[in-house]
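File shown here: start-v1.txt, holding compact mmCIF, C-alpha atoms (C1' of nucleotides).
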```txt
# COMPACT_ATOMS: atom_id res chain seq x y z
CA MET D 88 97.74 27.72 36.93
CA ILE D 89 99.69 27.29 40.13
CA ASP D 90 99.42 23.51 40.16
CA ASP D 91 100.29 23.28 36.47
CA GLY D 92 96.95 21.55 36.06
CA GLY D 93 98.51 18.29 37.18
CA SER D 94 100.20 17.40 33.90
CA SER D 95 103.57 17.84 32.24
CA ALA D 96 106.04 20.71 31.98
CA PHE D 97 105.05 24.31 31.81
CA SER D 98 105.05 26.32 28.64
CA MET D 99 103.53 29.62 27.63
CA ARG D 100 101.84 27.92 24.74
CA ARG D 101 100.32 25.24 26.93
CA LEU D 102 99.11 27.83 29.40
CA GLY D 103 97.47 29.74 26.59
CA ALA D 104 95.79 26.57 25.39
CA GLU D 105 94.59 25.72 28.90
CA LEU D 106 93.09 29.20 29.12
CA GLY D 107 91.44 28.81 25.72
CA VAL D 108 93.46 31.67 24.35
CA ASP D 109 96.20 32.34 21.86
CA PRO D 110 99.65 32.14 23.50
CA SER D 111 100.48 35.64 22.37
CA ALA D 112 97.57 36.96 24.43
CA LEU D 113 99.58 36.28 27.59
CA TYR D 114 102.01 38.99 26.59
CA TRP D 115 99.38 41.61 27.11
CA HIS D 116 99.13 40.62 30.81
CA PHE D 117 102.80 39.87 31.51
CA ARG D 118 105.93 41.16 29.94
CA GLY D 119 107.14 37.60 29.61
CA ARG D 120 107.71 34.23 31.16
CA GLU D 121 109.93 35.59 33.90
CA GLU D 122 107.43 38.19 35.04
CA LEU D 123 104.71 35.57 35.17
CA PHE D 124 106.91 33.39 37.36
CA GLU D 125 107.51 36.26 39.73
CA ALA D 126 103.78 36.74 40.03
CA VAL D 127 103.35 33.05 40.84
CA ALA D 128 106.05 33.22 43.50
CA GLU D 129 104.42 36.23 45.08
CA ILE D 130 101.07 34.45 45.20
CA LEU D 131 102.74 31.58 47.02
CA VAL D 132 104.11 33.71 49.84
CA ASP D 133 100.78 35.46 50.17
CA GLU D 134 99.18 32.06 50.59
CA ILE D 135 101.11 31.74 53.84
CA GLY D 136 99.79 35.01 55.14
CA ALA D 137 96.18 34.01 54.70
CA ALA D 138 96.18 31.89 57.82
CA SER D 139 97.90 34.37 60.07
CA LEU D 140 100.93 33.56 62.17
CA PRO D 141 101.35 33.67 65.97
CA TRP D 142 102.85 37.14 65.99
CA THR D 143 102.71 37.56 69.76
CA ALA D 144 104.38 34.24 70.58
CA PRO D 145 108.08 33.97 71.43
CA TRP D 146 110.33 33.83 68.43
CA PRO D 147 111.01 30.09 68.34
CA GLU D 148 107.30 29.46 68.06
CA LEU D 149 106.83 32.15 65.44
CA LEU D 150 109.72 30.92 63.31
CA THR D 151 108.56 27.34 63.61
CA ALA D 152 105.06 28.28 62.50
CA TYR D 153 106.47 30.30 59.61
CA GLY D 154 108.65 27.42 58.50
CA VAL D 155 105.84 24.92 58.69
CA ARG D 156 103.39 27.14 56.81
CA LEU D 157 105.86 27.90 54.07
CA TYR D 158 106.66 24.22 53.72
CA GLU D 159 103.00 23.29 53.51
CA VAL D 160 102.31 25.86 50.85
CA LEU D 161 105.26 24.70 48.79
CA ILE D 162 104.47 21.00 48.84
CA ARG D 163 100.88 21.86 47.98
CA HIS D 164 102.26 23.18 44.68
CA PRO D 165 105.09 20.84 43.77
CA HIS D 166 105.56 22.21 40.27
CA ALA D 167 105.90 25.74 41.63
CA VAL D 168 108.59 24.96 44.18
CA ILE D 169 111.32 25.24 41.61
CA VAL D 170 109.91 28.58 40.50
CA PHE D 171 109.95 29.80 44.07
CA ALA D 172 113.35 28.37 44.83
CA SER D 173 115.30 29.61 41.86
CA ARG D 174 114.57 33.30 42.17
CA PRO D 175 114.74 35.80 45.02
CA VAL D 176 111.26 36.57 46.30
CA ARG D 177 110.44 39.80 48.04
CA SER D 178 106.88 40.33 49.13
CA GLU D 179 105.09 42.77 51.34
CA PHE D 180 104.11 39.98 53.69
CA GLY D 181 107.44 38.24 53.77
CA VAL D 182 109.25 41.42 54.68
CA ARG D 183 106.79 42.26 57.43
CA ALA D 184 107.04 38.80 58.93
CA ALA D 185 110.81 38.76 58.79
CA ASN D 186 111.20 42.19 60.34
CA HIS D 187 108.93 41.32 63.19
CA ALA D 188 110.80 38.11 63.87
CA VAL D 189 114.07 40.01 63.85
CA GLU D 190 112.73 42.40 66.47
CA LEU D 191 111.67 39.52 68.68
CA MET D 192 115.03 37.87 68.37
CA VAL D 193 116.96 41.04 69.05
CA ALA D 194 114.88 41.52 72.18
CA ASP D 195 116.02 38.06 73.15
CA GLY D 196 119.72 38.75 72.82
CA PHE D 197 120.57 38.26 69.15
CA THR D 198 122.34 40.89 67.15
CA ALA D 199 120.29 42.09 64.19
CA ALA D 200 122.76 40.46 61.82
CA GLN D 201 122.52 37.13 63.63
CA ALA D 202 118.74 37.27 63.53
CA VAL D 203 118.62 38.08 59.83
CA ARG D 204 121.01 35.27 59.03
CA ALA D 205 119.03 32.87 61.16
CA ILE D 206 115.86 33.62 59.24
CA GLN D 207 117.60 33.25 55.92
CA ALA D 208 119.05 29.95 57.03
CA LEU D 209 115.63 28.76 58.09
CA ARG D 210 114.11 29.74 54.79
CA ALA D 211 116.89 27.96 52.91
CA TYR D 212 116.21 24.82 54.92
CA VAL D 213 112.49 24.92 54.24
CA VAL D 214 113.03 25.44 50.53
CA GLY D 215 115.57 22.64 50.42
CA CYS D 216 113.14 20.22 52.00
CA ALA D 217 110.29 21.30 49.74
CA LEU D 218 112.56 20.81 46.76
CA ASP D 219 113.29 17.25 47.84
CA VAL D 220 109.63 16.40 47.89
CA SER D 221 108.92 18.30 44.71
CA ALA D 222 111.76 16.56 42.89
CA THR D 223 110.35 13.10 43.50
CA ALA D 224 106.78 14.30 42.92
CA VAL D 225 107.46 16.13 39.68
CA THR D 226 109.95 13.79 38.04
CA GLY D 227 107.90 10.81 39.11
CA LEU D 228 111.07 8.81 39.56
CA GLN D 229 111.94 7.58 43.02
CA PRO D 230 115.30 8.61 44.46
CA ARG D 231 116.52 5.01 44.36
CA ARG D 232 118.29 5.34 40.98
CA GLN D 233 117.11 2.92 38.35
CA SER D 234 120.06 0.57 38.73
CA ALA D 235 119.08 -2.76 40.27
CA ARG D 236 121.28 -2.64 43.33
CA PRO D 237 120.40 -4.44 46.55
CA PRO D 238 118.55 -2.00 48.84
CA ALA D 239 119.96 -3.60 51.97
CA ASP D 240 123.35 -1.91 51.76
CA ASN D 241 121.79 1.50 51.48
CA LEU D 242 120.45 2.89 54.71
CA LEU D 243 119.35 6.08 53.03
CA ALA D 244 117.19 4.32 50.48
CA GLN D 245 114.21 3.56 52.65
CA GLY D 246 114.61 6.82 54.49
CA VAL D 247 114.48 8.81 51.30
CA LEU D 248 111.47 6.91 50.11
CA ASP D 249 109.21 8.76 52.48
CA ALA D 250 110.42 12.16 51.36
CA GLY D 251 109.54 14.94 53.74
CA GLU D 252 109.76 12.67 56.76
CA HIS D 253 112.74 14.61 57.97
CA PHE D 254 111.35 18.10 57.63
CA ARG D 255 109.89 18.57 61.09
CA PRO D 256 112.75 17.04 63.11
CA GLY D 257 115.26 19.08 61.13
CA LEU D 258 113.27 22.25 61.63
CA ASP D 259 113.13 21.66 65.36
CA ALA D 260 116.85 20.97 65.44
CA MET D 261 117.62 24.18 63.64
CA ILE D 262 115.44 26.28 65.94
CA ARG D 263 116.96 24.59 68.96
CA GLY D 264 120.41 25.25 67.60
CA LEU D 265 119.56 28.90 67.10
CA SER D 266 118.33 29.16 70.67
CA ALA D 267 121.66 27.81 71.84
CA VAL D 268 123.41 30.76 70.21
CA VAL D 269 121.76 33.11 72.65
CA ALA D 270 121.24 30.80 75.62
CA ARG D 271 124.80 31.22 76.96
CA GLY D 272 125.15 35.00 76.76
CA THR D 273 126.49 36.80 73.71
CA ARG D 274 129.05 34.74 71.84
CA GLY D 275 131.54 36.77 69.86
CA GLN D 276 131.49 34.99 66.51
CA PRO D 277 133.18 37.08 63.80
CA PRO D 278 130.48 38.29 61.36
CA ALA D 279 132.58 37.57 58.27
CA MET N 67 130.30 21.82 30.48
CA ILE N 68 129.73 21.99 34.22
CA ASP N 69 130.09 25.74 34.45
CA ASP N 70 127.96 26.28 31.37
CA GLY N 71 130.92 28.06 29.89
CA GLY N 72 129.96 31.20 31.74
CA SER N 73 127.20 32.34 29.39
CA SER N 74 123.45 31.97 29.05
CA ALA N 75 121.00 29.09 29.47
CA PHE N 76 121.82 25.50 28.67
CA SER N 77 120.62 23.75 25.57
CA MET N 78 121.60 20.58 23.82
CA ARG N 79 122.14 22.52 20.65
CA ARG N 80 124.43 25.03 22.34
CA LEU N 81 126.40 22.26 23.97
CA GLY N 82 126.86 20.61 20.62
CA ALA N 83 128.05 23.90 19.14
CA GLU N 84 130.48 24.47 22.01
CA LEU N 85 131.89 21.01 21.40
CA GLY N 86 132.17 21.70 17.69
CA VAL N 87 129.76 18.93 16.91
CA ASP N 88 126.27 18.41 15.56
CA PRO N 89 123.66 18.43 18.36
CA SER N 90 122.43 15.02 17.34
CA ALA N 91 125.87 13.60 18.09
CA LEU N 92 125.16 13.99 21.80
CA TYR N 93 122.51 11.33 21.55
CA TRP N 94 125.09 8.75 20.85
CA HIS N 95 126.69 9.42 24.27
CA PHE N 96 123.55 10.07 26.31
CA ARG N 97 120.03 8.84 25.88
CA GLY N 98 118.86 12.43 26.30
CA ARG N 99 118.96 15.65 28.23
CA GLU N 100 117.85 14.04 31.47
CA GLU N 101 120.55 11.39 31.41
CA LEU N 102 123.17 14.04 30.75
CA PHE N 103 121.93 15.97 33.77
CA GLU N 104 122.20 12.92 35.95
CA ALA N 105 125.77 12.49 34.82
CA VAL N 106 126.52 16.09 35.74
CA ALA N 107 124.96 15.68 39.16
CA GLU N 108 127.01 12.57 39.78
CA ILE N 109 130.19 14.39 38.85
CA LEU N 110 129.35 17.07 41.38
CA VAL N 111 129.05 14.69 44.30
CA ASP N 112 132.25 12.97 43.26
CA GLU N 113 133.93 16.34 43.37
CA ILE N 114 133.31 16.35 47.12
CA GLY N 115 134.97 13.01 47.55
CA ALA N 116 138.18 14.12 45.93
CA ALA N 117 139.34 15.95 49.03
CA SER N 118 138.53 13.27 51.51
CA LEU N 119 136.44 13.79 54.63
CA PRO N 120 137.44 13.35 58.30
CA TRP N 121 135.99 9.87 58.56
CA THR N 122 137.45 9.11 61.96
CA ALA N 123 136.27 12.30 63.62
CA PRO N 124 133.12 12.44 65.77
CA TRP N 125 129.92 12.81 63.78
CA PRO N 126 129.34 16.53 64.28
CA GLU N 127 132.70 17.25 62.74
CA LEU N 128 132.15 14.80 59.91
CA LEU N 129 128.73 16.17 59.09
CA THR N 130 129.96 19.73 59.25
CA ALA N 131 132.80 18.95 56.88
CA TYR N 132 130.42 17.16 54.53
CA GLY N 133 128.04 20.11 54.53
CA VAL N 134 130.78 22.62 53.92
CA ARG N 135 132.33 20.61 51.11
CA LEU N 136 129.02 20.05 49.38
CA TYR N 137 128.23 23.73 49.65
CA GLU N 138 131.58 24.75 48.23
CA VAL N 139 131.21 22.43 45.28
CA LEU N 140 127.74 23.72 44.54
CA ILE N 141 128.56 27.41 44.61
CA ARG N 142 131.56 26.70 42.46
CA HIS N 143 129.08 25.62 39.78
CA PRO N 144 126.14 28.02 40.14
CA HIS N 145 124.43 26.92 36.95
CA ALA N 146 124.55 23.29 38.02
CA VAL N 147 122.98 23.81 41.42
CA ILE N 148 119.49 23.70 40.00
CA VAL N 149 120.36 20.50 38.17
CA PHE N 150 121.58 18.97 41.38
CA ALA N 151 118.69 20.28 43.46
CA SER N 152 115.79 19.25 41.28
CA ARG N 153 116.54 15.59 41.00
CA PRO N 154 117.38 12.84 43.48
CA VAL N 155 121.07 12.02 43.35
CA ARG N 156 122.41 8.67 44.36
CA SER N 157 126.11 8.10 44.06
CA GLU N 158 128.52 5.52 45.25
CA PHE N 159 130.34 8.09 47.32
CA GLY N 160 127.27 9.75 48.76
CA VAL N 161 125.87 6.47 49.96
CA ARG N 162 129.14 5.44 51.56
CA ALA N 163 129.48 8.74 53.34
CA ALA N 164 125.92 8.74 54.57
CA ASN N 165 126.06 5.20 55.84
CA HIS N 166 129.24 5.84 57.75
CA ALA N 167 127.77 8.95 59.35
CA VAL N 168 124.69 6.98 60.33
CA GLU N 169 126.84 4.41 62.07
CA LEU N 170 128.69 7.08 63.99
CA MET N 171 125.45 8.71 65.07
CA VAL N 172 123.86 5.46 66.13
CA ALA N 173 126.91 4.73 68.24
CA ASP N 174 126.27 8.08 69.85
CA GLY N 175 122.67 7.38 70.80
CA PHE N 176 120.57 8.17 67.74
CA THR N 177 118.16 5.69 66.30
CA ALA N 178 118.97 4.79 62.70
CA ALA N 179 115.83 6.58 61.55
CA GLN N 180 116.78 9.73 63.43
CA ALA N 181 120.26 9.67 61.97
CA VAL N 182 119.03 9.19 58.42
CA ARG N 183 116.56 12.02 58.78
CA ALA N 184 119.22 14.26 60.27
CA ILE N 185 121.47 13.73 57.28
CA GLN N 186 118.67 14.36 54.84
CA ALA N 187 117.78 17.54 56.68
CA LEU N 188 121.36 18.67 56.55
CA ARG N 189 121.56 18.01 52.86
CA ALA N 190 118.33 19.92 52.27
CA TYR N 191 119.74 22.87 54.16
CA VAL N 192 122.95 22.91 52.19
CA VAL N 193 121.11 22.71 48.88
CA GLY N 194 118.73 25.45 49.96
CA CYS N 195 121.62 27.75 50.77
CA ALA N 196 123.44 26.95 47.54
CA LEU N 197 120.26 27.65 45.64
CA ASP N 198 120.03 31.09 47.21
CA VAL N 199 123.47 31.98 46.02
CA SER N 200 122.98 30.37 42.64
CA ALA N 201 119.69 32.23 42.11
CA THR N 202 121.29 35.62 42.47
CA ALA N 203 124.39 34.56 40.56
CA VAL N 204 122.56 33.01 37.62
CA THR N 205 119.70 35.45 37.18
CA GLY N 206 122.04 38.35 37.74
CA LEU N 207 119.28 40.27 39.47
CA GLN N 208 119.72 41.15 43.12
CA PRO N 209 117.10 39.94 45.58
CA ARG N 210 115.96 43.51 46.25
CA ARG N 211 113.05 43.46 43.73
CA GLN N 212 113.17 46.16 41.09
CA SER N 213 110.63 48.41 42.81
CA ALA N 214 112.21 51.60 44.15
CA ARG N 215 111.25 51.23 47.77
CA PRO N 216 113.33 52.77 50.58
CA PRO N 217 115.80 50.14 51.85
CA ALA N 218 115.66 51.44 55.41
CA ASP N 219 112.40 49.69 56.31
CA ASN N 220 113.69 46.35 55.15
CA LEU N 221 116.06 44.69 57.56
CA LEU N 222 116.44 41.70 55.28
CA ALA N 223 117.59 43.74 52.31
CA GLN N 224 121.17 44.35 53.32
CA GLY N 225 121.40 40.93 54.88
CA VAL N 226 120.32 39.26 51.67
CA LEU N 227 122.74 41.26 49.61
CA ASP N 228 125.67 39.23 50.81
CA ALA N 229 124.05 35.93 49.91
CA GLY N 230 125.67 32.96 51.55
CA GLU N 231 126.63 34.93 54.63
CA HIS N 232 124.23 32.83 56.67
CA PHE N 233 125.36 29.41 55.55
CA ARG N 234 127.96 28.67 58.18
CA PRO N 235 126.05 29.95 61.23
CA GLY N 236 122.95 28.06 60.11
CA LEU N 237 124.94 24.90 59.59
CA ASP N 238 126.42 25.15 63.04
CA ALA N 239 122.99 25.78 64.52
CA MET N 240 121.58 22.73 62.84
CA ILE N 241 124.40 20.47 64.00
CA ARG N 242 124.11 21.83 67.51
CA GLY N 243 120.37 21.28 67.44
CA LEU N 244 120.93 17.69 66.33
CA SER N 245 123.35 17.12 69.18
CA ALA N 246 120.68 18.30 71.59
CA VAL N 247 118.42 15.49 70.42
CA VAL N 248 120.78 12.95 71.89
CA ALA N 249 122.33 14.99 74.68
CA ARG N 250 119.48 14.38 77.15
CA GLY N 251 118.99 10.64 76.70
CA THR N 252 116.64 9.10 74.15
CA ARG N 253 113.65 11.27 73.47
CA GLY N 254 110.55 9.35 72.35
CA GLN N 255 109.41 11.38 69.37
CA PRO N 256 106.84 9.47 67.28
CA PRO N 257 108.45 8.54 63.96
CA ALA N 258 105.28 9.24 61.93
C1' DA A 69 91.06 46.98 26.53
C1' DC A 70 92.01 42.53 25.12
C1' DC A 71 92.77 38.96 21.69
C1' DT A 72 94.23 36.76 16.97
C1' DG A 73 97.52 35.30 13.21
C1' DA A 74 101.44 35.02 11.18
C1' DA A 75 106.13 35.18 11.56
C1' DC A 76 111.06 34.69 13.60
C1' DA A 77 114.56 32.44 15.79
C1' DC A 78 114.92 29.03 18.49
C1' DC A 79 114.27 24.13 21.04
C1' DG A 80 114.87 18.34 21.98
C1' DT A 81 114.89 14.17 19.66
C1' DT A 82 114.66 10.59 15.71
C1' DC A 83 116.57 8.21 12.14
C1' DA A 84 118.75 7.10 8.12
C1' DA A 85 123.07 7.78 6.23
C1' DG A 86 127.83 8.55 6.07
C1' DT A 87 133.06 7.35 7.59
C1' DA L 55 132.56 3.53 16.85
C1' DC L 56 131.20 8.06 16.23
C1' DC L 57 129.29 11.84 13.62
C1' DT L 58 126.25 14.40 9.96
C1' DG L 59 121.85 16.11 7.79
C1' DA L 60 117.46 16.50 7.36
C1' DA L 61 113.23 16.26 9.43
C1' DC L 62 109.40 16.54 13.16
C1' DA L 63 106.97 18.56 16.66
C1' DC L 64 107.71 21.72 19.57
C1' DC L 65 109.29 26.41 22.07
C1' DG L 66 109.18 32.10 23.64
C1' DT L 67 108.36 36.44 21.83
C1' DT L 68 107.16 40.32 18.37
C1' DC L 69 104.11 42.92 15.97
C1' DA L 70 100.64 44.31 13.09
C1' DA L 71 95.93 43.70 12.87
C1' DG L 72 91.43 42.85 14.42
C1' DT L 73 87.11 43.84 17.80
```
As structure tokens, please, write out the structure in this file.
Amino acid sequence: MIDDGGSSAFSMRRLGAELGVDPSALYWHFRGREELFEAVAEILVDEIGAASLPWTAPWPELLTAYGVRLYEVLIRHPHAVIVFASRPVRSEFGVRAANHAVELMVADGFTAAQAVRAIQALRAYVVGCALDVSATAVTGLQPRRQSARPPADNLLAQGVLDAGEHFRPGLDAMIRGLSAVVARGTRGQPPA
Amino acid sequence: MIDDGGSSAFSMRRLGAELGVDPSALYWHFRGREELFEAVAEILVDEIGAASLPWTAPWPELLTAYGVRLYEVLIRHPHAVIVFASRPVRSEFGVRAANHAVELMVADGFTAAQAVRAIQALRAYVVGCALDVSATAVTGLQPRRQSARPPADNLLAQGVLDAGEHFRPGLDAMIRGLSAVVARGTRGQPPA
DNA sequence: ACCTGAACACCGTTCAAGT
DNA sequence: ACCTGAACACCGTTCAAGT
């Protein structure tokens, strides 16, 4: 249900079939496709919570762990990444986690607004990376474009081939960059 | 065509109608839906190139400009973001830009692999942010979830409301974090 | 409480046929 | 070269009806 069973595109009718049930039966459980997707997205974020996060650690460690866990969950369900990415998700767990992180960061010198934005940025990065992997996994086609061009002139080609290779370094860079914001006292960046 | 005309979901049939043409006529110009999407994605990246980038500037400035331009193009076409995000895009311009940035970064102390990964990470971040904005713009629904819960306990709520607020700070953080990689001599992170 | 069956208004894509 | 028309195998969703 989450993995899409491993085969082609989702459809209510196919889901019904896979469940051995008339498609229309689904509309007793969900108001429609969209509501079902929201349920899936919520399950995904709860899947992070299962293995609990290092709540007592300093914020860079907590945020890193959160990013890594979210990423792992998403690439474990490549077909669901797009579902997660294309709609705003609000879950009990996600809100708790975020609020706690904000508190830690504020205690470390961030303004609340800076902290919130930092977490959103981190989440956007994680989702972007997961989407990269999911795109090549779901579509099956490699990022190389089908045209027969020499690979030698394209430095990105071989780098893109191992999709997801860049996730961890990028995550570390972002966290490090966020630390820099607060490392040199409060910097008066206009909030607009 | 790129903006989806401002109304509801895309379909070949609707596109045909909007063009005053039988849907089947589209299949003379494109092999199918997927090929049309690729064409759209390619147009998007070319739209960045139009206003040319600061090629001669140091890499942090070049990458920042690239990120900002890409982001601007994407949020200008909210309905197309998902098209761009869910498939690997390879364009003449994108490859040129990336390769040049890699050269600059290598000259500054990065390994080629590090530079490539950095650029991919940056792209992922930009797409993730654009997707956030596009999600709220396209679905129309605010990220708050429809449940009537008090907003006071949710620090993220008001932050999320102004979607895209976090893009620029996050971008700067990421670039700064990347600079740190090279600022203290070559760090021997295992490439696996 | 949960599912079926038929129906409605849609889809993407093909292929022969027109001009 | 470019488009039409009809056809095929699909969709999501509804609603009355069954158990």
Considering all atoms listed in the file, give me a table of residues in chain D that are at most 6 Å from chain N, with the closest atom pair and distance in Å for each, as CSV.
```
residue,atom,partner,partner_atom,distance
D:Ser173,CA,N:Ala201,CA,5.1
D:Arg174,CA,N:Ala201,CA,5.2
D:Pro175,CA,N:Pro209,CA,4.8
D:Arg204,CA,N:His232,CA,4.7
D:Ala208,CA,N:Gly236,CA,5.3
D:Ala211,CA,N:Gly194,CA,4.3
D:Tyr212,CA,N:Tyr191,CA,4.1
D:Val214,CA,N:Gly194,CA,5.7
D:Gly215,CA,N:Gly194,CA,4.3
D:Cys216,CA,N:Ala190,CA,5.2
D:Ala222,CA,N:Ser152,CA,5.1
D:Pro230,CA,N:Pro154,CA,4.8
D:His253,CA,N:Arg183,CA,4.7
D:Gly257,CA,N:Ala187,CA,5.3
D:Ala260,CA,N:Gly243,CA,4.1
D:Met261,CA,N:Met240,CA,4.3
D:Arg263,CA,N:Gly243,CA,5.0
D:Gly264,CA,N:Gly243,CA,4.0
D:Leu265,CA,N:Ala239,CA,5.3
```
Per residue of chain N within 12 Å of chain A, record the nearest atom pair and its distance in Å to one decimal, counting only C-alpha atoms (C1' of nucleotides), with rows in chain order and ascending residue number, as JSON lines.
```
{"residue": "N:Ala75", "atom": "CA", "partner": "A:DC79", "partner_atom": "C1'", "distance": 11.9}
{"residue": "N:Phe76", "atom": "CA", "partner": "A:DC79", "partner_atom": "C1'", "distance": 10.8}
{"residue": "N:Ser77", "atom": "CA", "partner": "A:DC79", "partner_atom": "C1'", "distance": 7.8}
{"residue": "N:Met78", "atom": "CA", "partner": "A:DG80", "partner_atom": "C1'", "distance": 7.3}
{"residue": "N:Arg79", "atom": "CA", "partner": "A:DC79", "partner_atom": "C1'", "distance": 8.0}
{"residue": "N:Arg80", "atom": "CA", "partner": "A:DC79", "partner_atom": "C1'", "distance": 10.3}
{"residue": "N:Pro89", "atom": "CA", "partner": "A:DG80", "partner_atom": "C1'", "distance": 9.5}
{"residue": "N:Ser90", "atom": "CA", "partner": "A:DT81", "partner_atom": "C1'", "distance": 7.9}
{"residue": "N:Ala91", "atom": "CA", "partner": "A:DT81", "partner_atom": "C1'", "distance": 11.1}
{"residue": "N:Leu92", "atom": "CA", "partner": "A:DT81", "partner_atom": "C1'", "distance": 10.5}
{"residue": "N:Tyr93", "atom": "CA", "partner": "A:DT81", "partner_atom": "C1'", "distance": 8.3}
{"residue": "N:Trp94", "atom": "CA", "partner": "A:DT81", "partner_atom": "C1'", "distance": 11.6}
{"residue": "N:Phe96", "atom": "CA", "partner": "A:DT81", "partner_atom": "C1'", "distance": 11.7}
{"residue": "N:Arg97", "atom": "CA", "partner": "A:DT81", "partner_atom": "C1'", "distance": 9.7}
{"residue": "N:Gly98", "atom": "CA", "partner": "A:DT81", "partner_atom": "C1'", "distance": 7.9}
{"residue": "N:Arg99", "atom": "CA", "partner": "A:DG80", "partner_atom": "C1'", "distance": 7.9}
{"residue": "N:Glu100", "atom": "CA", "partner": "A:DG80", "partner_atom": "C1'", "distance": 10.8}
```
Computed interatomic separation between CA of Ala144 (chain D) and CA of Ala188 (chain D) (Å): 10.1 Å
Box along x, y and z, 8 Å on every side, all listed atoms of region 56-69 of chain L inside: centre and edge lengths in Å to one decimal, as JSON.
```
{"center_x": 117.7, "center_y": 25.5, "center_z": 15.5, "size_x": 43.1, "size_y": 50.9, "size_z": 32.3}
```
Nearby residues, (126.6, 20.4, 34.9) file frame, 10 Å, only C-alpha atoms (C1' of nucleotides), as number ranges by chain: N: 67-70, 76, 102-110, 143-150
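Atom pair CA of Asp174 (chain N) / CA of Gly115 (chain N): separated by 24.4 Å.
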Coordinates-based distance that separates CA of Arg142 (chain N) from CA of Glu127 (chain N) (Å, one decimal):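 Computing the Euclidean distance for CA of Glu127 (chain N) and CA of Arg142 (chain N) yields 22.4 Å.
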